[in-house]
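Heads up, coords33.cif below (mmCIF, C-alpha atoms):
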```cif
data_structure
#
loop_
_atom_site.label_atom_id
_atom_site.label_comp_id
_atom_site.auth_asym_id
_atom_site.auth_seq_id
_atom_site.Cartn_x
_atom_site.Cartn_y
_atom_site.Cartn_z
CA MET S 26 -34.88 74.08 94.01
CA THR S 27 -32.67 74.49 97.06
CA ARG S 28 -33.14 70.81 97.81
CA LEU S 29 -31.58 69.96 94.44
CA ILE S 30 -28.35 71.85 95.14
CA PRO S 31 -26.57 68.86 96.75
CA LEU S 32 -27.50 66.76 93.73
CA PHE S 33 -26.04 69.37 91.36
CA ALA S 34 -22.92 69.59 93.51
CA PHE S 35 -22.59 65.81 93.39
CA CYS S 36 -23.04 65.72 89.61
CA ALA S 37 -20.41 68.45 89.24
CA LEU S 38 -18.00 66.39 91.34
CA VAL S 39 -18.67 63.26 89.30
CA GLY S 40 -18.09 65.30 86.14
CA LEU S 41 -14.77 66.59 87.51
CA LEU S 42 -13.57 63.11 88.45
CA GLY S 43 -14.71 61.74 85.09
CA PHE S 44 -12.75 64.46 83.33
CA GLY S 45 -9.71 63.54 85.44
CA ILE S 46 -9.91 59.92 84.32
CA TYR S 47 -10.41 60.94 80.68
CA TRP S 48 -7.50 63.39 80.83
CA ASN S 49 -5.11 60.94 82.50
CA SER S 50 -5.92 58.20 80.02
CA ARG S 51 -5.07 60.55 77.15
CA HIS S 52 -1.74 61.69 78.61
CA GLU S 53 1.38 59.87 79.65
CA MET S 54 1.50 60.95 83.26
CA SER S 55 5.11 59.97 83.84
CA GLU S 56 6.28 62.39 81.15
CA VAL S 57 7.94 65.43 82.64
CA PRO S 58 7.74 68.35 80.20
CA SER S 59 11.22 69.69 79.55
CA PRO S 60 11.93 73.21 80.80
CA LEU S 61 14.52 73.47 78.01
CA ILE S 62 12.02 73.89 75.17
CA GLY S 63 12.54 77.32 73.65
CA LYS S 64 15.86 77.77 75.42
CA SER S 65 19.42 77.27 74.26
CA ALA S 66 20.59 73.68 74.47
CA PRO S 67 23.02 73.22 77.37
CA ALA S 68 26.68 73.41 76.40
CA PHE S 69 28.44 70.09 76.12
CA THR S 70 31.79 68.76 74.97
CA LEU S 71 31.83 64.99 74.74
CA PRO S 72 34.20 62.38 73.31
CA PHE S 73 33.33 60.40 70.20
CA LEU S 74 32.58 56.73 70.79
CA TYR S 75 35.04 55.53 68.16
CA GLU S 76 37.67 58.25 68.69
CA PRO S 77 37.63 59.02 72.43
CA ALA S 78 40.57 61.40 72.03
CA LYS S 79 38.43 63.72 69.88
CA THR S 80 35.43 65.60 71.20
CA LEU S 81 32.28 67.16 69.79
CA SER S 82 30.80 70.29 71.33
CA GLY S 83 27.40 71.90 70.99
CA LYS S 84 29.02 74.99 69.48
CA GLU S 85 30.39 73.02 66.52
CA LEU S 86 26.85 71.94 65.71
CA LEU S 87 25.48 75.50 65.42
CA GLY S 88 24.29 76.60 62.00
CA LYS S 89 22.29 73.52 61.13
CA PRO S 90 19.48 71.80 63.00
CA TYR S 91 20.14 68.42 64.55
CA LEU S 92 18.47 65.65 66.47
CA LEU S 93 20.18 64.45 69.62
CA ASN S 94 19.10 60.89 70.35
CA VAL S 95 19.90 59.66 73.86
CA PHE S 96 20.31 55.90 73.98
CA GLY S 97 22.18 53.14 75.73
CA SER S 98 23.06 49.54 74.99
CA TRP S 99 21.36 48.67 78.32
CA CYS S 100 18.06 50.15 77.15
CA PRO S 101 15.56 47.67 75.68
CA THR S 102 13.27 50.34 74.21
CA CYS S 103 16.24 51.72 72.26
CA GLN S 104 16.36 48.42 70.38
CA PHE S 105 12.75 48.88 69.37
CA GLU S 106 13.42 52.46 68.35
CA HIS S 107 16.52 51.57 66.36
CA PRO S 108 14.79 50.45 63.12
CA ILE S 109 12.57 53.54 63.27
CA LEU S 110 15.65 55.74 63.47
CA THR S 111 17.13 53.94 60.49
CA GLN S 112 14.03 53.80 58.33
CA GLN S 113 12.11 56.94 59.23
CA ILE S 114 14.31 59.48 60.98
CA LYS S 115 17.46 59.16 58.89
CA PRO S 116 15.63 59.84 55.57
CA LEU S 117 14.43 63.20 56.97
CA GLY S 118 17.91 64.51 56.23
CA ILE S 119 18.45 66.10 59.62
CA LYS S 120 21.77 65.48 61.29
CA LEU S 121 21.29 62.69 63.82
CA ILE S 122 23.65 62.70 66.79
CA GLY S 123 23.71 59.63 69.03
CA LEU S 124 24.41 60.26 72.70
CA ASP S 125 25.42 57.01 74.35
CA TRP S 126 24.25 57.68 77.90
CA LYS S 127 25.59 56.04 81.08
CA ASP S 128 27.03 53.17 79.14
CA GLU S 129 30.22 51.20 78.73
CA PRO S 130 31.85 52.15 75.40
CA ASP S 131 32.59 48.49 74.62
CA ASP S 132 28.94 47.55 75.16
CA ALA S 133 27.85 50.44 72.98
CA LYS S 134 30.22 49.39 70.18
CA ARG S 135 28.88 45.84 70.34
CA TRP S 136 25.31 47.18 70.24
CA ILE S 137 26.05 49.34 67.20
CA ALA S 138 27.86 46.45 65.50
CA GLN S 139 24.84 44.24 66.06
CA PHE S 140 22.05 46.61 65.02
CA GLY S 141 23.81 49.06 62.71
CA ASN S 142 24.72 52.72 63.01
CA PRO S 143 22.01 55.22 62.08
CA TYR S 144 23.95 58.15 63.53
CA ASP S 145 25.93 60.86 61.77
CA ALA S 146 28.00 61.25 64.91
CA LEU S 147 28.21 59.11 68.01
CA ILE S 148 29.29 60.65 71.30
CA THR S 149 29.48 59.22 74.81
CA ASP S 150 28.36 60.51 78.19
CA ARG S 151 29.68 57.83 80.45
CA ASP S 152 29.07 59.44 83.85
CA GLY S 153 25.75 60.98 82.79
CA ARG S 154 26.64 64.60 83.59
CA ALA S 155 25.69 65.93 80.16
CA GLY S 156 22.49 63.90 80.42
CA ILE S 157 21.61 65.69 83.65
CA ASP S 158 22.23 69.05 81.97
CA PHE S 159 19.77 68.04 79.26
CA GLY S 160 17.29 66.85 81.86
CA VAL S 161 17.46 63.28 80.58
CA TYR S 162 15.80 60.85 82.94
CA MET S 163 15.19 57.83 80.75
CA ALA S 164 16.19 56.40 77.41
CA PRO S 165 15.46 56.83 74.64
CA GLU S 166 14.93 60.57 74.63
CA THR S 167 15.41 62.80 71.60
CA PHE S 168 15.95 66.55 71.36
CA LEU S 169 15.35 68.62 68.25
CA VAL S 170 17.77 71.55 68.25
CA ASP S 171 17.53 74.29 65.62
CA ALA S 172 20.30 76.09 63.74
CA GLN S 173 20.53 78.72 66.48
CA GLY S 174 21.08 76.05 69.10
CA VAL S 175 17.60 76.38 70.62
CA VAL S 176 15.79 73.25 71.79
CA ARG S 177 12.55 73.08 69.83
CA TYR S 178 11.11 69.75 70.83
CA LYS S 179 11.77 66.83 73.10
CA ARG S 180 10.52 63.32 72.63
CA ILE S 181 10.47 61.26 75.83
CA GLY S 182 10.43 57.58 74.97
CA MET S 183 10.74 56.03 71.56
CA PHE S 184 9.71 57.55 68.27
CA THR S 185 6.74 55.92 66.63
CA GLN S 186 5.14 56.49 63.27
CA GLU S 187 2.38 58.47 65.01
CA ASN S 188 4.50 60.87 67.00
CA ILE S 189 6.88 61.43 64.08
CA ARG S 190 3.88 62.44 61.96
CA ASP S 191 2.01 64.41 64.64
CA GLU S 192 4.86 66.03 66.57
CA LEU S 193 8.29 65.87 64.93
CA LEU S 194 7.39 66.64 61.30
CA PRO S 195 5.28 69.75 62.17
CA LYS S 196 8.17 71.05 64.31
CA ILE S 197 10.64 70.53 61.47
CA ALA S 198 8.25 72.24 59.03
CA GLU S 199 7.94 75.16 61.45
CA MET S 200 11.73 75.49 61.61
CA GLN S 201 12.01 75.38 57.83
CA ARG S 202 9.37 78.11 57.44
CA GLU S 203 11.30 80.32 59.82
CA GLY S 204 14.53 79.56 57.99
CA GLY S 205 12.96 80.46 54.62
CA ARG S 206 11.92 83.92 55.73
CA MET J 30 -2.64 70.75 84.59
CA LYS J 31 0.97 69.66 85.03
CA PRO J 32 1.58 66.02 85.93
CA ALA J 33 3.48 67.19 88.99
CA LEU J 34 0.25 68.30 90.54
CA MET J 35 -1.49 65.03 89.95
CA LYS J 36 0.91 62.77 91.80
CA PRO J 37 -0.32 61.94 95.27
CA ASP J 38 2.75 62.01 97.48
CA SER J 39 1.24 59.47 99.79
CA MET J 40 1.55 56.89 97.02
CA LYS J 41 5.15 56.12 97.82
CA PRO J 42 5.85 52.46 97.02
CA ASP J 43 7.17 51.97 100.54
CA SER J 44 3.74 52.37 102.03
CA MET J 45 2.45 49.61 99.78
CA LYS J 46 4.95 46.94 100.76
CA PRO J 47 3.15 43.99 102.34
CA ASP J 48 5.47 43.95 105.34
CA SER J 49 4.47 47.43 106.39
CA MET J 50 0.87 46.41 107.02
CA LYS J 51 -0.70 47.85 110.09
CA PRO J 52 -0.93 45.49 113.10
CA ASP J 53 -4.71 45.87 113.23
CA SER J 54 -5.14 44.38 109.80
CA MET J 55 -3.59 41.07 110.91
CA LYS J 56 -6.21 38.95 112.56
CA PRO J 57 -5.07 35.69 114.20
CA ASP J 58 -7.53 33.66 112.10
CA SER J 59 -6.04 34.81 108.83
CA MET J 60 -2.54 34.40 110.14
CA THR J 61 -2.52 30.60 109.84
CA ALA J 62 -3.60 30.91 106.24
CA SER J 63 -1.20 33.58 105.05
CA SER J 64 1.91 33.91 107.11
CA ILE J 65 4.43 36.27 105.58
CA GLY J 66 7.66 35.81 107.50
CA SER J 67 9.07 33.21 109.80
CA VAL J 68 8.03 35.34 112.76
CA LEU J 69 4.43 35.15 111.69
CA MET J 70 4.75 31.42 111.00
CA SER J 71 5.93 30.72 114.52
CA SER J 72 3.23 32.94 115.95
CA ALA J 73 0.63 30.97 114.05
CA LEU J 74 2.11 27.68 115.28
CA ILE J 75 2.06 28.84 118.86
CA GLY J 76 -1.43 30.11 118.22
CA THR J 77 -2.69 26.56 117.68
CA VAL J 78 -1.29 25.52 121.06
CA LEU J 79 -2.07 28.45 123.28
CA THR J 80 -5.39 30.01 124.22
CA ARG J 81 -7.09 32.46 121.89
CA SER J 82 -6.00 35.68 123.54
CA ALA J 83 -2.32 34.75 123.75
CA PRO J 84 -1.74 34.33 119.98
CA MET J 85 -3.64 37.54 119.49
CA LEU J 86 -1.18 39.34 121.72
CA PHE J 87 1.75 37.59 120.13
CA ALA J 88 0.52 38.40 116.63
CA ARG J 89 0.27 42.05 117.55
CA PHE J 90 3.74 41.96 118.99
CA ALA J 91 5.16 40.21 115.92
CA ALA J 92 3.41 42.62 113.58
CA THR J 93 4.78 45.57 115.53
CA VAL J 94 8.29 44.16 115.33
CA LEU J 95 7.88 43.60 111.58
CA LEU J 96 6.60 47.12 111.12
CA PHE J 97 9.56 48.46 113.04
CA LEU J 98 12.05 46.40 111.01
CA SER J 99 10.53 47.46 107.71
CA ALA J 100 10.80 51.08 108.79
CA ILE J 101 14.53 50.63 109.39
CA GLY J 102 15.01 48.71 106.15
CA SER J 103 13.57 51.38 103.90
CA ALA J 104 15.40 54.31 105.44
CA TYR J 105 17.92 55.32 102.77
CA ALA J 106 19.51 54.11 99.59
CA ILE J 107 22.96 54.69 100.95
CA ASP J 108 25.90 55.75 98.84
CA PRO J 109 29.24 56.05 100.55
CA LEU J 110 29.45 59.83 100.40
CA PRO J 111 32.27 61.41 102.40
CA PHE J 112 30.39 63.85 104.63
CA LYS J 113 32.63 65.97 106.77
CA ASP J 114 30.28 65.99 109.75
CA ARG J 115 26.87 64.91 110.95
CA ALA J 116 25.29 68.31 110.24
CA GLU J 117 26.23 68.09 106.58
CA GLU J 118 24.80 64.60 106.34
CA VAL J 119 21.52 65.72 107.93
CA ARG J 120 21.34 68.64 105.51
CA PHE J 121 21.94 66.31 102.58
CA GLN J 122 19.25 63.91 103.73
CA ASN J 123 16.73 66.68 104.32
CA LEU J 124 17.41 68.11 100.89
CA THR J 125 17.22 64.83 98.99
CA LYS J 126 13.96 64.00 100.76
CA GLN J 127 12.40 67.09 99.19
CA LEU J 128 13.49 66.08 95.70
CA ARG J 129 11.69 63.61 93.53
CA CYS J 130 13.37 60.76 91.69
CA LEU J 131 12.55 61.12 87.98
CA VAL J 132 12.75 57.39 87.34
CA CYS J 133 10.54 56.00 90.11
CA GLN J 134 8.41 59.08 90.32
CA ASN J 135 6.75 58.41 93.65
CA GLN J 136 10.05 58.04 95.45
CA ASP J 137 12.31 60.78 96.70
CA LEU J 138 15.98 61.05 95.83
CA ALA J 139 17.00 59.92 99.30
CA ASP J 140 15.10 56.66 98.94
CA SER J 141 15.46 55.76 95.31
CA ASP J 142 17.80 53.06 94.13
CA ALA J 143 17.65 54.09 90.46
CA ALA J 144 20.99 54.78 88.79
CA LEU J 145 19.94 58.32 87.86
CA ALA J 146 18.93 59.01 91.46
CA GLY J 147 22.44 57.99 92.49
CA ASP J 148 23.90 60.42 89.94
CA LEU J 149 21.63 63.20 91.15
CA ARG J 150 22.53 62.52 94.80
CA LYS J 151 26.18 62.77 93.78
CA GLN J 152 25.40 66.03 91.97
CA VAL J 153 23.62 67.42 95.05
CA PHE J 154 26.56 66.36 97.23
CA ASP J 155 29.10 67.95 94.88
CA MET J 156 27.14 71.20 94.80
CA MET J 157 26.99 71.21 98.60
CA GLN J 158 30.78 70.81 98.66
CA ALA J 159 31.02 73.73 96.25
CA GLY J 160 29.19 75.87 98.81
CA LYS J 161 25.84 76.12 97.02
CA SER J 162 22.74 76.84 99.07
CA ASP J 163 19.74 74.51 99.19
CA ALA J 164 17.79 76.99 97.06
CA GLU J 165 20.54 77.07 94.42
CA ILE J 166 20.68 73.29 94.27
CA LYS J 167 16.91 73.06 93.92
CA GLN J 168 16.95 75.70 91.19
CA TYR J 169 19.68 73.78 89.36
CA LEU J 170 17.44 70.71 89.26
CA VAL J 171 14.29 72.67 88.43
CA ASP J 172 16.13 74.27 85.46
CA ARG J 173 16.74 70.79 84.08
CA TYR J 174 13.84 68.70 85.26
CA ASN J 175 11.00 71.15 85.87
CA ASP J 176 9.12 71.90 89.11
CA PHE J 177 8.26 68.23 89.06
CA VAL J 178 11.49 67.42 90.95
CA LEU J 179 10.18 69.32 93.94
CA TYR J 180 7.77 67.41 96.14
CA ASP J 181 6.17 70.71 97.15
CA PRO J 182 5.05 72.57 94.03
CA PRO J 183 6.00 76.25 94.36
CA VAL J 184 3.19 78.76 95.00
CA LYS J 185 2.65 80.66 91.74
CA PRO J 186 -0.39 81.62 89.62
CA GLY J 187 -0.40 78.21 87.92
CA THR J 188 -0.62 76.39 91.25
CA TRP J 189 -2.97 78.74 93.13
CA LEU J 190 -5.86 76.41 92.45
CA LEU J 191 -3.90 73.54 93.94
CA TRP J 192 -2.75 75.40 97.04
CA PHE J 193 -5.81 77.45 97.90
CA THR J 194 -8.84 75.40 96.82
CA PRO J 195 -8.92 73.48 100.13
CA PHE J 196 -9.04 76.72 102.12
CA VAL J 197 -11.72 78.17 99.85
CA LEU J 198 -13.80 75.01 100.27
CA VAL J 199 -13.44 75.15 104.07
CA LEU J 200 -14.47 78.81 103.96
CA ILE J 201 -17.55 78.03 101.86
CA GLY J 202 -18.40 75.18 104.22
CA ALA J 203 -18.07 77.48 107.24
CA VAL J 204 -20.38 80.09 105.67
CA VAL J 205 -22.99 77.43 104.84
CA LEU J 206 -22.71 76.01 108.36
CA VAL J 207 -23.14 79.38 110.04
CA ARG J 208 -26.17 80.13 107.89
CA ILE J 209 -27.81 76.80 108.69
CA VAL J 210 -27.14 77.16 112.42
CA ARG J 211 -28.59 80.68 112.43
CA ALA J 212 -31.66 79.63 110.47
CA ARG J 213 -32.31 76.79 112.91
CA ALA J 214 -31.83 79.03 115.92
CA ARG J 215 -34.35 81.45 114.47
CA GLN J 216 -36.75 78.57 113.78
CA ALA J 217 -36.41 77.33 117.36
CA VAL J 218 -37.10 80.79 118.73
CA ALA J 219 -40.12 81.10 116.46
CA LEU J 220 -41.42 77.68 117.57
CA GLN J 221 -40.98 78.57 121.23
CA ALA J 222 -42.75 81.83 120.70
CA GLY J 223 -45.52 80.03 118.82
CA ALA J 224 -45.92 77.58 121.70
CA LYS J 225 -46.40 80.49 124.08
CA GLY J 226 -48.98 81.94 121.79
CA ILE J 227 -46.98 85.08 121.03
CA THR J 228 -46.45 86.17 117.45
CA GLN J 229 -42.88 87.27 116.90
CA SER J 230 -42.93 87.70 113.16
CA GLU J 231 -41.84 91.33 113.41
CA ASP J 232 -38.93 90.49 115.72
CA ASP J 233 -37.53 87.84 113.35
CA ASP J 234 -35.02 90.11 111.71
CA TRP J 235 -32.76 90.69 114.71
#
```
Would you write out, as structure tokens, the structure that this file holds?
Amino acid sequence: MTRLIPLFAFCALVGLLGFGIYWNSRHEMSEVPSPLIGKSAPAFTLPFLYEPAKTLSGKELLGKPYLLNVFGSWCPTCQFEHPILTQQIKPLGIKLIGLDWKDEPDDAKRWIAQFGNPYDALITDRDGRAGIDFGVYMAPETFLVDAQGVVRYKRIGMFTQENIRDELLPKIAEMQREGGR
Amino acid sequence: MKPALMKPDSMKPDSMKPDSMKPDSMKPDSMTASSIGSVLMSSALIGTVLTRSAPMLFARFAATVLLFLSAIGSAYAIDPLPFKDRAEEVRFQNLTKQLRCLVCQNQDLADSDAALAGDLRKQVFDMMQAGKSDAEIKQYLVDRYNDFVLYDPPVKPGTWLLWFTPFVLVLIGAVVLVRIVRARARQAVALQAGAKGITQSEDDDW
């Protein structure tokens, strides 16, 4: 029996490594979970893309949930996400705010003119400071913020049919249940 | 487990660049076939003319020079930041070396050329100017980007396994080793005693 111990130890090690491979293949390892989930969204006051003299602040958005979609005209994945925003996110009826991140306003306007505007409001973060406050490190990223201004969910990367169904919709349902009480 | 704990820090892209190969891995025979830079080309050319040991020496020399040059080349992604003195610059570099770039996740902020890394370096610099301590700056980034921005994960219950498993394993190994050594010593004593024809079975438990 004692002679078998090294064999058991080896099998245990193989099992551990196998689990590691399985786990890593099921998870996107470059995704950094946001520390903002469950906390108040960082304060921001940012100019509108089409009316740079006017600004939108996080405070003005309190009272109703909203989705903050971080995009840029320089971001290829945002082009792929764009039709999904139009066809699947917009019909959900949640306010959709576009945050044009680290981008030239003229480029952003061209981009919107070319693909269409799915956003209820379009604001710009040219130097990326607000993006840093939100912990944005790539585009697209989308934050779901509830009526109290608390970040409920963050999507890193583009929305797909699967993650809308499996992640976003349950979160929205959860918010609505809480609101109904 | 958090992804931060899974990233081997030794996997920095820099260490995988072909021009940072170790000198020992460059044999003169393979040099003629795959010469990387002009230095290696010339060494290979000379190698066909000279004796066998000379190109070997030259190849080693060339490889060392290349290694040295590549080390200089990959030092920093430099932004023109107006440091007020050398000490401040050293502090900035030390700090940004401990912070991870979120875009190229196996590079530190000091090294990374990503646009976001540039923004974060600027942020770190601005906070230094505002008189913030290193700990405050790190906390600022952790609040936004998670512990993942720190190359060294902080010691807390969630990371105990990560930090202490190696020591526990060494401890277990030491205990096993001591037990084996003692058992063998006892066996040797018993064998010796047996050879002399003395039974020591009662003395075994010393």
Return as a VMD selection string the set of residues that the PyMOL selection byres ((chain J) within 12 of (chain S)) yields on the displayed structure. chain J and resid 30 to 36 129 to 135 143 to 153 168 to 178
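From CA of Asp140 (chain J) back to CA of Pro101 (chain S), the distance works out to 24.9 Å.
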Mind checking which residues fall within 7 Å of Thr125 (chain J), counting all atoms listed in the file, ignoring those fewer than 3 positions away in the same chain, and posting them as a ChimeraX atom specification? /J:121-122,128,137-139
With region 68-86 of chain S as the partner and 7 Å as the cut-off, tabulate the residues of region 140-206 of chain S that qualify, each row holding the nearest pair of atoms and their distance in Å to one decimal, using only C-alpha atoms, sorted by chain and rising number, as CSV.
```
residue,atom,partner,partner_atom,distance
S:Leu147,CA,S:Leu74,CA,5.7
S:Ile148,CA,S:Phe73,CA,4.2
S:Thr149,CA,S:Leu74,CA,5.7
S:Asp150,CA,S:Leu71,CA,6.6
S:Ala155,CA,S:Phe69,CA,6.4
```
Could the residues in this selection be saved with C-alpha atoms as a PDB file, keeping the file's coordinate frame?
```
ATOM      1  CA  LEU S 147      28.210  59.110  68.010  1.00  0.00           C
ATOM      2  CA  ILE S 148      29.290  60.650  71.300  1.00  0.00           C
ATOM      3  CA  THR S 149      29.480  59.220  74.810  1.00  0.00           C
ATOM      4  CA  ASP S 150      28.360  60.510  78.190  1.00  0.00           C
ATOM      5  CA  ALA S 155      25.690  65.930  80.160  1.00  0.00           C
TER       6      ALA S 155
END
```
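Minimum atom-to-atom distance to Pro195 (chain S), evaluated using all atoms listed in the file, belongs to S:Tyr178 out of S:Pro116, S:Arg51, S:Tyr178, S:Gly88.
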Go ahead and fit an axis-aligned box to every listed atom of region 183-202 of chain S plus 3 Å each side, and pass me the centre and edge lengths in Å, one decimal, as JSON.
```
{"center_x": 7.0, "center_y": 67.0, "center_z": 64.5, "size_x": 16.0, "size_y": 28.2, "size_z": 20.1}
```
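Applied to the shown file, the PyMOL selection byres ((chain S and resi 132) around 12) selects the residues Leu74, Gly97, Ser98, Trp99, Cys100, Asp125, Trp126, Lys127, Asp128, Glu129, Pro130, Asp131, Ala133, Lys134, Arg135, Trp136, Ile137, Ala138, Gln139, Thr149 and Arg151 of chain S.
Taking CA of Met200 (chain S) and CA of Asp171 (chain S) as endpoints, the distance between them is 7.2 Å.
Each of J:Ala214, J:Gln221, J:Ala203, J:Pro109 was compared to Phe154 (chain J) using only C-alpha atoms, and J:Pro109 turns out to be the nearest.
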Evaluate the PyMOL selection byres ((chain S and resi 65) around 9) and record the selected residues as a PDB file with C-alpha atoms, in the coordinates of the input, following the chain and residue labels used in the document.
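Done, and the output landed in expr.pdb:
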```pdb
ATOM      1  CA  LEU S  61      14.520  73.470  78.010  1.00  0.00           C
ATOM      2  CA  ILE S  62      12.020  73.890  75.170  1.00  0.00           C
ATOM      3  CA  GLY S  63      12.540  77.320  73.650  1.00  0.00           C
ATOM      4  CA  LYS S  64      15.860  77.770  75.420  1.00  0.00           C
ATOM      5  CA  ALA S  66      20.590  73.680  74.470  1.00  0.00           C
ATOM      6  CA  PRO S  67      23.020  73.220  77.370  1.00  0.00           C
ATOM      7  CA  ALA S  68      26.680  73.410  76.400  1.00  0.00           C
ATOM      8  CA  VAL S 170      17.770  71.550  68.250  1.00  0.00           C
ATOM      9  CA  GLN S 173      20.530  78.720  66.480  1.00  0.00           C
ATOM     10  CA  GLY S 174      21.080  76.050  69.100  1.00  0.00           C
ATOM     11  CA  VAL S 175      17.600  76.380  70.620  1.00  0.00           C
ATOM     12  CA  VAL S 176      15.790  73.250  71.790  1.00  0.00           C
TER      13      VAL S 176
END
```
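Atom pair CA of Arg215 (chain J) / CA of Pro31 (chain S): separated by 23.1 Å.
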So, with only C-alpha atoms as the atoms that count, which of S:Tyr144, S:Phe105, S:Tyr91, S:Phe96 lies closest to Pro165 (chain S)? S:Phe96
Residues near region 182-192 of chain S, cut-off 9 Å, only C-alpha atoms, skip fewer than 6 positions along chain, as an NGL selection string: :S and (56 or 102-103 or 105-107 or 109-110 or 113-114 or 163-167)
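Remark: for Gln104 (chain S), the closest of the candidate residues S:Ser50, S:Thr27, S:Asn142, S:Gln201 is S:Asn142 (distances computed over all atoms listed in the file).
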Would you mind completing region 88-107 of chain S to N, CA and C atoms and writing the output as an mmCIF file, keeping the file's coordinate frame?
```
data_model
loop_
_atom_site.group_PDB
_atom_site.id
_atom_site.type_symbol
_atom_site.label_atom_id
_atom_site.label_comp_id
_atom_site.auth_asym_id
_atom_site.auth_seq_id
_atom_site.Cartn_x
_atom_site.Cartn_y
_atom_site.Cartn_z
ATOM 1 N N GLY S 88 24.367 76.292 63.431
ATOM 2 C CA GLY S 88 24.290 76.600 62.000
ATOM 3 C C GLY S 88 23.370 75.670 61.253
ATOM 4 N N LYS S 89 23.204 74.464 61.762
ATOM 5 C CA LYS S 89 22.290 73.520 61.130
ATOM 6 C C LYS S 89 21.508 72.800 62.229
ATOM 7 N N PRO S 90 20.233 72.519 61.986
ATOM 8 C CA PRO S 90 19.480 71.800 63.000
ATOM 9 C C PRO S 90 19.973 70.361 63.167
ATOM 10 N N TYR S 91 19.779 69.823 64.336
ATOM 11 C CA TYR S 91 20.140 68.420 64.550
ATOM 12 C C TYR S 91 19.210 67.759 65.558
ATOM 13 N N LEU S 92 19.195 66.450 65.484
ATOM 14 C CA LEU S 92 18.470 65.650 66.470
ATOM 15 C C LEU S 92 19.489 64.977 67.374
ATOM 16 N N LEU S 93 19.298 65.104 68.673
ATOM 17 C CA LEU S 93 20.180 64.450 69.620
ATOM 18 C C LEU S 93 19.404 63.287 70.235
ATOM 19 N N ASN S 94 19.803 62.079 69.884
ATOM 20 C CA ASN S 94 19.100 60.890 70.350
ATOM 21 C C ASN S 94 19.881 60.250 71.500
ATOM 22 N N VAL S 95 19.260 60.244 72.686
ATOM 23 C CA VAL S 95 19.900 59.660 73.860
ATOM 24 C C VAL S 95 19.551 58.180 73.915
ATOM 25 N N PHE S 96 20.579 57.336 73.928
ATOM 26 C CA PHE S 96 20.310 55.900 73.980
ATOM 27 C C PHE S 96 21.363 55.209 74.842
ATOM 28 N N GLY S 97 21.195 53.921 75.011
ATOM 29 C CA GLY S 97 22.180 53.140 75.730
ATOM 30 C C GLY S 97 22.043 51.684 75.325
ATOM 31 N N SER S 98 23.136 50.952 75.380
ATOM 32 C CA SER S 98 23.060 49.540 74.990
ATOM 33 C C SER S 98 22.255 48.747 76.019
ATOM 34 N N TRP S 99 22.083 49.338 77.226
ATOM 35 C CA TRP S 99 21.360 48.670 78.320
ATOM 36 C C TRP S 99 19.852 48.889 78.209
ATOM 37 N N CYS S 100 19.438 49.667 77.198
ATOM 38 C CA CYS S 100 18.060 50.150 77.150
ATOM 39 C C CYS S 100 17.262 49.336 76.132
ATOM 40 N N PRO S 101 16.304 48.535 76.605
ATOM 41 C CA PRO S 101 15.560 47.670 75.680
ATOM 42 C C PRO S 101 14.707 48.452 74.668
ATOM 43 N N THR S 102 14.123 49.571 75.114
ATOM 44 C CA THR S 102 13.270 50.340 74.210
ATOM 45 C C THR S 102 14.081 50.907 73.048
ATOM 46 N N CYS S 103 15.382 51.182 73.323
ATOM 47 C CA CYS S 103 16.240 51.720 72.260
ATOM 48 C C CYS S 103 16.377 50.731 71.112
ATOM 49 N N GLN S 104 16.305 49.431 71.443
ATOM 50 C CA GLN S 104 16.360 48.420 70.380
ATOM 51 C C GLN S 104 15.130 48.501 69.490
ATOM 52 N N PHE S 105 13.988 48.757 70.156
ATOM 53 C CA PHE S 105 12.750 48.880 69.370
ATOM 54 C C PHE S 105 12.764 50.145 68.528
ATOM 55 N N GLU S 106 13.395 51.198 69.064
ATOM 56 C CA GLU S 106 13.420 52.460 68.350
ATOM 57 C C GLU S 106 14.417 52.427 67.190
ATOM 58 N N HIS S 107 15.413 51.563 67.313
ATOM 59 C CA HIS S 107 16.520 51.570 66.360
ATOM 60 C C HIS S 107 16.080 51.484 64.886
#
```
